[in-house]
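Asks: Structure in structure tokens, see below.
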Amino acid sequence: MSGQEYAFTVLAVVGSIAAIAVVTARNVVHAALYLVVTLSCVGGTYLLLGAEFLGWVQILIYVGAIVILFLFGLMLTKAPIGRDDLDNQQRWLAIPVAALVFAGLVFLIQDAFPVKEAVATESFQASTGVIGESLFRHYVLPFEAVSFLLLAALIGAIVLARKDDA
Amino acid sequence: MVRLPFVLFFSALLFSAGVYGVLARRNAVMVLMAIELMLNAVNVNLIGFSAQLKDVNGQIFALFVIAVAAAEVGIGLAIVILLFRNRESINVDEVNLLKW
């Protein structure tokens, strides 16, 4: 194993533990803070995989913006504390379903890309310039569609959350 | 360089945690958080394959997924706040008006 793989394993283990804590935490604010740890670890793995631009985008957008939105949502809705208020009665059914999904995915991955035969290629660095060139040369139309989608979401969120009598 | 199966296993675990969260949580904000976990698992996969195949297209797709996730959270939280204003509760199992 190379140094990069050790670093990746550490980040992946911390991120996985925090991800499980997100879905099992009894306190909603703690769950949001565990989500910060998970998203930061995922951003770190992007940096290790050579996706420098996406690593920082992940930190900026997810940790900087989306988690803050979640915290606002929690504060504005008087979130309850405790397992009975947070989880429903399907909890014991959900555990085997999630375990089955994980086992199935691990089986398929092991079948398609066996760990023993996996070869480590030399690292691939996609600079911000390369991403920008590809984005504006081959993906201009999807880019514009996404910007339109964000505008629609912005207007929709304002219309939905606004008080009517104001 | 990180070997591909390590990346895929990490992504599978994130996705399974998200599946559990969506099924077991009754607080709507927590369900949205679990959906974010699943979207992140997809992004990890896209970037892992992008690094393995030395192709920048995977990273562009991940960028689009992040943008759509941001839009989804904005709309989702607006709906949750609207629900709280009308029902005084954001438990998803109490929202059964359209249930057969």
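Chain labels follow the order of the structure tokens: the first chain is A, the next B, and so on; residue numbering restarts at 1 in every chain, and ligands are counted from 1 in their shown order.
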For range 35-50 of chain B, work out the shell of residues within 9 Å, counting only C-alpha atoms and skipping chain neighbours fewer than 2 positions away, then give it as a PyMOL selection string.

Replies: (chain A and resi 19+35+38-39+42+45-46+49-51+54+124) or (chain B and resi 2-4+7-8+10-19+21-22+30-33+52-59+61-63+65-66+69+73)

Asks: Let me see the file: selected residues, N, CA and C atoms, as a tab-separated table (two decimals), in the first residue's frame.

Replies:
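Wrote it out as selection.tsv, contents follow:
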chain	number	residue	atom	x	y	z
A	19	ALA	N	-20.59	8.88	9.09
A	19	ALA	CA	-21.82	8.70	8.31
A	19	ALA	C	-22.82	7.84	9.07
A	35	LEU	N	-22.40	15.18	10.10
A	35	LEU	CA	-22.46	15.33	8.63
A	35	LEU	C	-21.30	16.19	8.14
A	38	THR	N	-18.30	13.89	7.93
A	38	THR	CA	-18.38	13.01	6.76
A	38	THR	C	-18.07	13.76	5.48
A	39	LEU	N	-18.69	14.93	5.31
A	39	LEU	CA	-18.50	15.66	4.05
A	39	LEU	C	-17.07	16.15	3.92
A	42	VAL	N	-15.03	13.20	2.80
A	42	VAL	CA	-15.25	12.94	1.38
A	42	VAL	C	-14.48	13.96	0.54
A	45	THR	N	-10.94	12.90	0.41
A	45	THR	CA	-10.69	11.82	-0.54
A	45	THR	C	-10.66	12.35	-1.97
A	46	TYR	N	-11.47	13.38	-2.28
A	46	TYR	CA	-11.40	13.97	-3.63
A	46	TYR	C	-10.00	14.53	-3.88
A	49	LEU	N	-7.66	11.80	-4.62
A	49	LEU	CA	-7.88	11.18	-5.92
A	49	LEU	C	-7.52	12.13	-7.06
A	50	GLY	N	-6.95	13.28	-6.75
A	50	GLY	CA	-6.51	14.18	-7.80
A	50	GLY	C	-7.57	15.13	-8.30
A	51	ALA	N	-8.74	15.17	-7.65
A	51	ALA	CA	-9.78	16.10	-8.07
A	51	ALA	C	-9.71	17.32	-7.18
A	54	LEU	N	-12.77	19.86	-7.32
A	54	LEU	CA	-13.98	19.32	-6.69
A	54	LEU	C	-13.82	19.19	-5.19
A	124	PHE	N	-3.61	10.92	-11.34
A	124	PHE	CA	-4.16	11.74	-12.40
A	124	PHE	C	-4.60	13.06	-11.78
B	2	VAL	N	-4.53	5.55	-5.28
B	2	VAL	CA	-5.47	4.70	-4.54
B	2	VAL	C	-6.07	3.69	-5.52
B	3	ARG	N	-6.10	2.41	-5.09
B	3	ARG	CA	-6.72	1.40	-5.96
B	3	ARG	C	-8.24	1.54	-5.95
B	4	LEU	N	-8.84	1.21	-7.09
B	4	LEU	CA	-10.27	1.49	-7.28
B	4	LEU	C	-11.19	0.81	-6.25
B	7	VAL	N	-12.01	2.77	-3.08
B	7	VAL	CA	-12.94	3.89	-3.29
B	7	VAL	C	-14.37	3.37	-3.37
B	8	LEU	N	-14.55	2.24	-4.09
B	8	LEU	CA	-15.91	1.73	-4.28
B	8	LEU	C	-16.49	1.22	-2.97
B	10	PHE	N	-15.79	2.34	0.09
B	10	PHE	CA	-16.16	3.54	0.86
B	10	PHE	C	-17.50	4.09	0.38
B	11	SER	N	-17.63	4.16	-0.94
B	11	SER	CA	-18.87	4.68	-1.50
B	11	SER	C	-20.06	3.78	-1.16
B	12	ALA	N	-19.85	2.45	-1.19
B	12	ALA	CA	-20.95	1.53	-0.86
B	12	ALA	C	-21.39	1.73	0.58
B	13	LEU	N	-20.43	1.95	1.50
B	13	LEU	CA	-20.79	2.13	2.90
B	13	LEU	C	-21.58	3.43	3.09
B	14	LEU	N	-21.12	4.51	2.43
B	14	LEU	CA	-21.86	5.77	2.53
B	14	LEU	C	-23.28	5.59	2.01
B	15	PHE	N	-23.43	4.87	0.89
B	15	PHE	CA	-24.75	4.69	0.30
B	15	PHE	C	-25.65	3.89	1.23
B	16	SER	N	-25.10	2.82	1.85
B	16	SER	CA	-25.93	2.00	2.75
B	16	SER	C	-26.36	2.80	3.97
B	17	ALA	N	-25.46	3.64	4.51
B	17	ALA	CA	-25.84	4.50	5.63
B	17	ALA	C	-26.98	5.42	5.21
B	18	GLY	N	-26.91	5.94	3.98
B	18	GLY	CA	-27.98	6.79	3.49
B	18	GLY	C	-29.30	6.05	3.37
B	19	VAL	N	-29.24	4.81	2.87
B	19	VAL	CA	-30.46	4.00	2.74
B	19	VAL	C	-31.09	3.78	4.10
B	21	GLY	N	-30.77	5.66	6.74
B	21	GLY	CA	-31.31	6.92	7.24
B	21	GLY	C	-32.65	7.26	6.63
B	22	VAL	N	-32.78	7.06	5.31
B	22	VAL	CA	-34.05	7.39	4.65
B	22	VAL	C	-35.16	6.49	5.17
B	30	MET	N	-33.81	15.06	8.81
B	30	MET	CA	-32.86	13.95	8.86
B	30	MET	C	-32.92	13.10	7.60
B	31	VAL	N	-34.13	12.96	7.02
B	31	VAL	CA	-34.25	12.21	5.77
B	31	VAL	C	-33.47	12.92	4.67
B	32	LEU	N	-33.56	14.26	4.64
B	32	LEU	CA	-32.81	15.03	3.63
B	32	LEU	C	-31.31	14.83	3.82
B	33	MET	N	-30.85	14.79	5.09
B	33	MET	CA	-29.42	14.57	5.34
B	33	MET	C	-28.99	13.21	4.81
B	52	GLN	N	-9.27	6.66	-12.09
B	52	GLN	CA	-8.78	5.40	-12.62
B	52	GLN	C	-8.64	5.44	-14.14
B	53	LEU	N	-9.64	6.04	-14.80
B	53	LEU	CA	-9.66	6.06	-16.26
B	53	LEU	C	-8.97	7.29	-16.83
B	54	LYS	N	-8.48	8.17	-15.96
B	54	LYS	CA	-7.81	9.41	-16.38
B	54	LYS	C	-8.69	10.20	-17.33
B	55	ASP	N	-9.92	10.37	-16.96
B	55	ASP	CA	-10.90	11.05	-17.79
B	55	ASP	C	-11.56	12.13	-16.95
B	56	VAL	N	-11.57	13.35	-17.45
B	56	VAL	CA	-12.07	14.45	-16.64
B	56	VAL	C	-13.60	14.51	-16.62
B	57	ASN	N	-14.25	13.76	-17.51
B	57	ASN	CA	-15.72	13.84	-17.61
B	57	ASN	C	-16.40	13.45	-16.31
B	58	GLY	N	-15.83	12.47	-15.58
B	58	GLY	CA	-16.44	12.06	-14.31
B	58	GLY	C	-16.51	13.21	-13.33
B	59	GLN	N	-15.47	14.04	-13.32
B	59	GLN	CA	-15.47	15.17	-12.39
B	59	GLN	C	-16.52	16.21	-12.78
B	61	PHE	N	-19.37	15.52	-14.22
B	61	PHE	CA	-20.65	14.97	-13.78
B	61	PHE	C	-20.83	15.18	-12.29
B	62	ALA	N	-19.76	14.95	-11.51
B	62	ALA	CA	-19.86	15.15	-10.06
B	62	ALA	C	-20.22	16.60	-9.74
B	63	LEU	N	-19.66	17.53	-10.53
B	63	LEU	CA	-19.98	18.95	-10.35
B	63	LEU	C	-21.47	19.20	-10.55
B	65	VAL	N	-23.85	16.97	-10.20
B	65	VAL	CA	-24.59	16.35	-9.10
B	65	VAL	C	-24.59	17.27	-7.88
B	66	ILE	N	-23.44	17.92	-7.62
B	66	ILE	CA	-23.39	18.84	-6.47
B	66	ILE	C	-24.35	20.00	-6.66
B	69	ALA	N	-27.83	18.79	-6.09
B	69	ALA	CA	-28.06	18.53	-4.66
B	69	ALA	C	-28.32	19.84	-3.92
B	73	VAL	N	-31.73	20.59	-1.79
B	73	VAL	CA	-31.79	20.94	-0.37
B	73	VAL	C	-32.57	22.23	-0.17

Asks: Run DSSP on the backbone and grab whatever in range 10-120 of chain A lands in helix (DSSP H, G or I); send it over as a PDB file with C-alpha atoms, in the first residue's frame.

Replies:
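This went into result.pdb:
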ATOM      1  CA  VAL A  10      -7.882   6.768   7.378  1.00  0.00           C
ATOM      2  CA  LEU A  11     -10.199   9.315   5.737  1.00  0.00           C
ATOM      3  CA  ALA A  12     -12.611   6.592   4.602  1.00  0.00           C
ATOM      4  CA  VAL A  13     -12.812   4.985   8.062  1.00  0.00           C
ATOM      5  CA  VAL A  14     -13.404   8.322   9.807  1.00  0.00           C
ATOM      6  CA  GLY A  15     -15.941   9.327   7.152  1.00  0.00           C
ATOM      7  CA  SER A  16     -17.804   6.004   7.381  1.00  0.00           C
ATOM      8  CA  ILE A  17     -18.023   6.113  11.185  1.00  0.00           C
ATOM      9  CA  ALA A  18     -19.301   9.685  11.025  1.00  0.00           C
ATOM     10  CA  ALA A  19     -21.818   8.704   8.306  1.00  0.00           C
ATOM     11  CA  ILE A  20     -23.206   5.942  10.528  1.00  0.00           C
ATOM     12  CA  ALA A  21     -23.322   8.441  13.399  1.00  0.00           C
ATOM     13  CA  VAL A  22     -25.337  10.825  11.195  1.00  0.00           C
ATOM     14  CA  VAL A  23     -28.118   8.293  10.721  1.00  0.00           C
ATOM     15  CA  THR A  24     -28.091   6.968  14.319  1.00  0.00           C
ATOM     16  CA  VAL A  28     -30.369  16.363  15.475  1.00  0.00           C
ATOM     17  CA  VAL A  29     -27.729  19.071  15.910  1.00  0.00           C
ATOM     18  CA  HIS A  30     -25.113  16.390  16.645  1.00  0.00           C
ATOM     19  CA  ALA A  31     -26.212  14.618  13.457  1.00  0.00           C
ATOM     20  CA  ALA A  32     -25.622  17.822  11.479  1.00  0.00           C
ATOM     21  CA  LEU A  33     -22.134  18.155  13.016  1.00  0.00           C
ATOM     22  CA  TYR A  34     -21.334  14.507  12.166  1.00  0.00           C
ATOM     23  CA  LEU A  35     -22.458  15.331   8.634  1.00  0.00           C
ATOM     24  CA  VAL A  36     -19.774  18.049   8.558  1.00  0.00           C
ATOM     25  CA  VAL A  37     -17.133  15.414   9.455  1.00  0.00           C
ATOM     26  CA  THR A  38     -18.384  13.012   6.760  1.00  0.00           C
ATOM     27  CA  LEU A  39     -18.504  15.662   4.053  1.00  0.00           C
ATOM     28  CA  SER A  40     -15.043  16.959   4.969  1.00  0.00           C
ATOM     29  CA  CYS A  41     -13.614  13.427   4.776  1.00  0.00           C
ATOM     30  CA  VAL A  42     -15.250  12.941   1.378  1.00  0.00           C
ATOM     31  CA  GLY A  43     -13.694  16.245   0.274  1.00  0.00           C
ATOM     32  CA  GLY A  44     -10.324  14.990   1.510  1.00  0.00           C
ATOM     33  CA  THR A  45     -10.686  11.818  -0.544  1.00  0.00           C
ATOM     34  CA  TYR A  46     -11.403  13.970  -3.626  1.00  0.00           C
ATOM     35  CA  LEU A  47      -8.104  15.775  -3.032  1.00  0.00           C
ATOM     36  CA  LEU A  48      -6.302  12.430  -2.686  1.00  0.00           C
ATOM     37  CA  GLU A  52      -8.454  19.284  -6.557  1.00  0.00           C
ATOM     38  CA  PHE A  53     -11.159  21.641  -7.793  1.00  0.00           C
ATOM     39  CA  LEU A  54     -13.980  19.319  -6.689  1.00  0.00           C
ATOM     40  CA  GLY A  55     -12.380  18.843  -3.278  1.00  0.00           C
ATOM     41  CA  TRP A  56     -12.587  22.548  -2.575  1.00  0.00           C
ATOM     42  CA  VAL A  57     -16.033  22.823  -4.147  1.00  0.00           C
ATOM     43  CA  GLN A  58     -17.162  20.055  -1.790  1.00  0.00           C
ATOM     44  CA  ILE A  59     -15.829  21.933   1.242  1.00  0.00           C
ATOM     45  CA  LEU A  60     -17.273  25.269   0.083  1.00  0.00           C
ATOM     46  CA  ILE A  61     -20.725  24.130  -1.011  1.00  0.00           C
ATOM     47  CA  TYR A  62     -21.476  21.212   1.290  1.00  0.00           C
ATOM     48  CA  VAL A  63     -19.719  22.184   4.509  1.00  0.00           C
ATOM     49  CA  GLY A  64     -20.093  25.908   3.956  1.00  0.00           C
ATOM     50  CA  ALA A  65     -23.595  26.213   2.565  1.00  0.00           C
ATOM     51  CA  ILE A  66     -25.689  23.041   2.722  1.00  0.00           C
ATOM     52  CA  VAL A  67     -24.936  22.155   6.356  1.00  0.00           C
ATOM     53  CA  ILE A  68     -25.743  25.749   7.370  1.00  0.00           C
ATOM     54  CA  LEU A  69     -29.066  25.384   5.529  1.00  0.00           C
ATOM     55  CA  PHE A  70     -29.707  22.146   7.438  1.00  0.00           C
ATOM     56  CA  LEU A  71     -28.962  23.865  10.747  1.00  0.00           C
ATOM     57  CA  PHE A  72     -31.361  26.686   9.833  1.00  0.00           C
ATOM     58  CA  GLY A  73     -33.985  24.078   8.973  1.00  0.00           C
ATOM     59  CA  LEU A  74     -33.486  22.355  12.321  1.00  0.00           C
ATOM     60  CA  MET A  75     -33.621  25.586  14.307  1.00  0.00           C
ATOM     61  CA  LEU A  76     -36.756  26.816  12.503  1.00  0.00           C
ATOM     62  CA  ARG A  83     -34.840   8.108  19.609  1.00  0.00           C
ATOM     63  CA  ASP A  84     -38.615   7.726  19.724  1.00  0.00           C
ATOM     64  CA  ASP A  85     -39.146  11.124  18.163  1.00  0.00           C
ATOM     65  CA  LEU A  86     -36.468  10.724  15.513  1.00  0.00           C
ATOM     66  CA  ARG A  91     -36.234   0.938  12.281  1.00  0.00           C
ATOM     67  CA  TRP A  92     -35.673  -2.776  12.816  1.00  0.00           C
ATOM     68  CA  LEU A  93     -36.701  -3.493   9.248  1.00  0.00           C
ATOM     69  CA  ALA A  94     -34.390  -0.779   7.934  1.00  0.00           C
ATOM     70  CA  ILE A  95     -31.264  -2.347   9.467  1.00  0.00           C
ATOM     71  CA  PRO A  96     -31.432  -5.617   7.472  1.00  0.00           C
ATOM     72  CA  VAL A  97     -32.401  -3.734   4.311  1.00  0.00           C
ATOM     73  CA  ALA A  98     -29.375  -1.427   4.584  1.00  0.00           C
ATOM     74  CA  ALA A  99     -27.103  -4.377   5.483  1.00  0.00           C
ATOM     75  CA  LEU A 100     -28.434  -6.276   2.456  1.00  0.00           C
ATOM     76  CA  VAL A 101     -27.767  -3.299   0.171  1.00  0.00           C
ATOM     77  CA  PHE A 102     -24.226  -3.047   1.524  1.00  0.00           C
ATOM     78  CA  ALA A 103     -23.575  -6.796   1.176  1.00  0.00           C
ATOM     79  CA  GLY A 104     -24.928  -6.797  -2.365  1.00  0.00           C
ATOM     80  CA  LEU A 105     -22.793  -3.833  -3.380  1.00  0.00           C
ATOM     81  CA  VAL A 106     -19.659  -5.349  -1.808  1.00  0.00           C
ATOM     82  CA  PHE A 107     -20.318  -8.632  -3.621  1.00  0.00           C
ATOM     83  CA  LEU A 108     -20.792  -6.891  -6.973  1.00  0.00           C
ATOM     84  CA  ILE A 109     -17.706  -4.697  -6.517  1.00  0.00           C
ATOM     85  CA  GLN A 110     -15.603  -7.689  -5.492  1.00  0.00           C
ATOM     86  CA  ASP A 111     -16.933  -9.557  -8.507  1.00  0.00           C
ATOM     87  CA  ALA A 112     -16.223  -6.774 -11.012  1.00  0.00           C
TER      88      ALA A 112
END

Asks: With distances taken over only C-alpha atoms, which residue among B:Ala71, B:Leu83, B:Ala28, B:Val92 lies nearest chain A?

Replies: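 So, comparing all the options, the nearest one is B:Ala71.
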
Asks: Can you tell me which residues surround range 147-158 of chain A at a distance of at most 6 Å, considering only C-alpha atoms, apart from same-chain residues fewer than 4 positions away, and format the answer as a list in words?

Replies: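 With the cut-off at 6 Å, the set is Arg162 of chain A; Ala71, Ile75 and Ala78 of chain B.
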
Asks: Write out, as an mmCIF file, in the first residue's frame, the residues just selected, with C-alpha atoms.

Replies:
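Final output, saved to result_24.cif:
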data_model
loop_
_atom_site.group_PDB
_atom_site.id
_atom_site.type_symbol
_atom_site.label_atom_id
_atom_site.label_comp_id
_atom_site.auth_asym_id
_atom_site.auth_seq_id
_atom_site.Cartn_x
_atom_site.Cartn_y
_atom_site.Cartn_z
ATOM 1 C CA ARG A 162 -42.996 33.077 2.134
ATOM 2 C CA ALA B 71 -31.077 22.969 -5.479
ATOM 3 C CA ILE B 75 -36.477 23.291 -2.155
ATOM 4 C CA ALA B 78 -38.622 25.245 2.021
#

Asks: Rank A:Ala120, A:Ala25, A:Met1, A:Glu144 by their smallest atom-to-atom distance to chain B, using only C-alpha atoms, and report the top residue only.

Replies: A:Ala120

Asks: Using only C-alpha atoms, which of A:Thr9, A:Ser2, A:Thr77, A:Gln89 sits nearest Ser123 in chain A?

Replies: A:Ser2

Asks: CA of His138 in chain A and CA of Ala70 in chain B, how far apart in Å?

Replies: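 Result for CA of Ala70 in chain B versus CA of His138 in chain A: 22.8 Å, one decimal.
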
Asks: CA of Leu23 in chain B and CA of Gln90 in chain A, how far apart in Å?

Replies: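 Those two atoms sit 7.1 Å apart.
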
Asks: Pick from A:Val159, A:Glu133, A:Asp87, A:Tyr6: nearest to chain B, with only C-alpha atoms counted?

Replies: A:Asp87

Asks: Kindly give the distance, in Å, that separates CA of Thr121 in chain A and CA of Ala51 in chain B, rounded to a single decimal.

Replies: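 Separating CA of Thr121 in chain A from CA of Ala51 in chain B is a distance of 8.8 Å.
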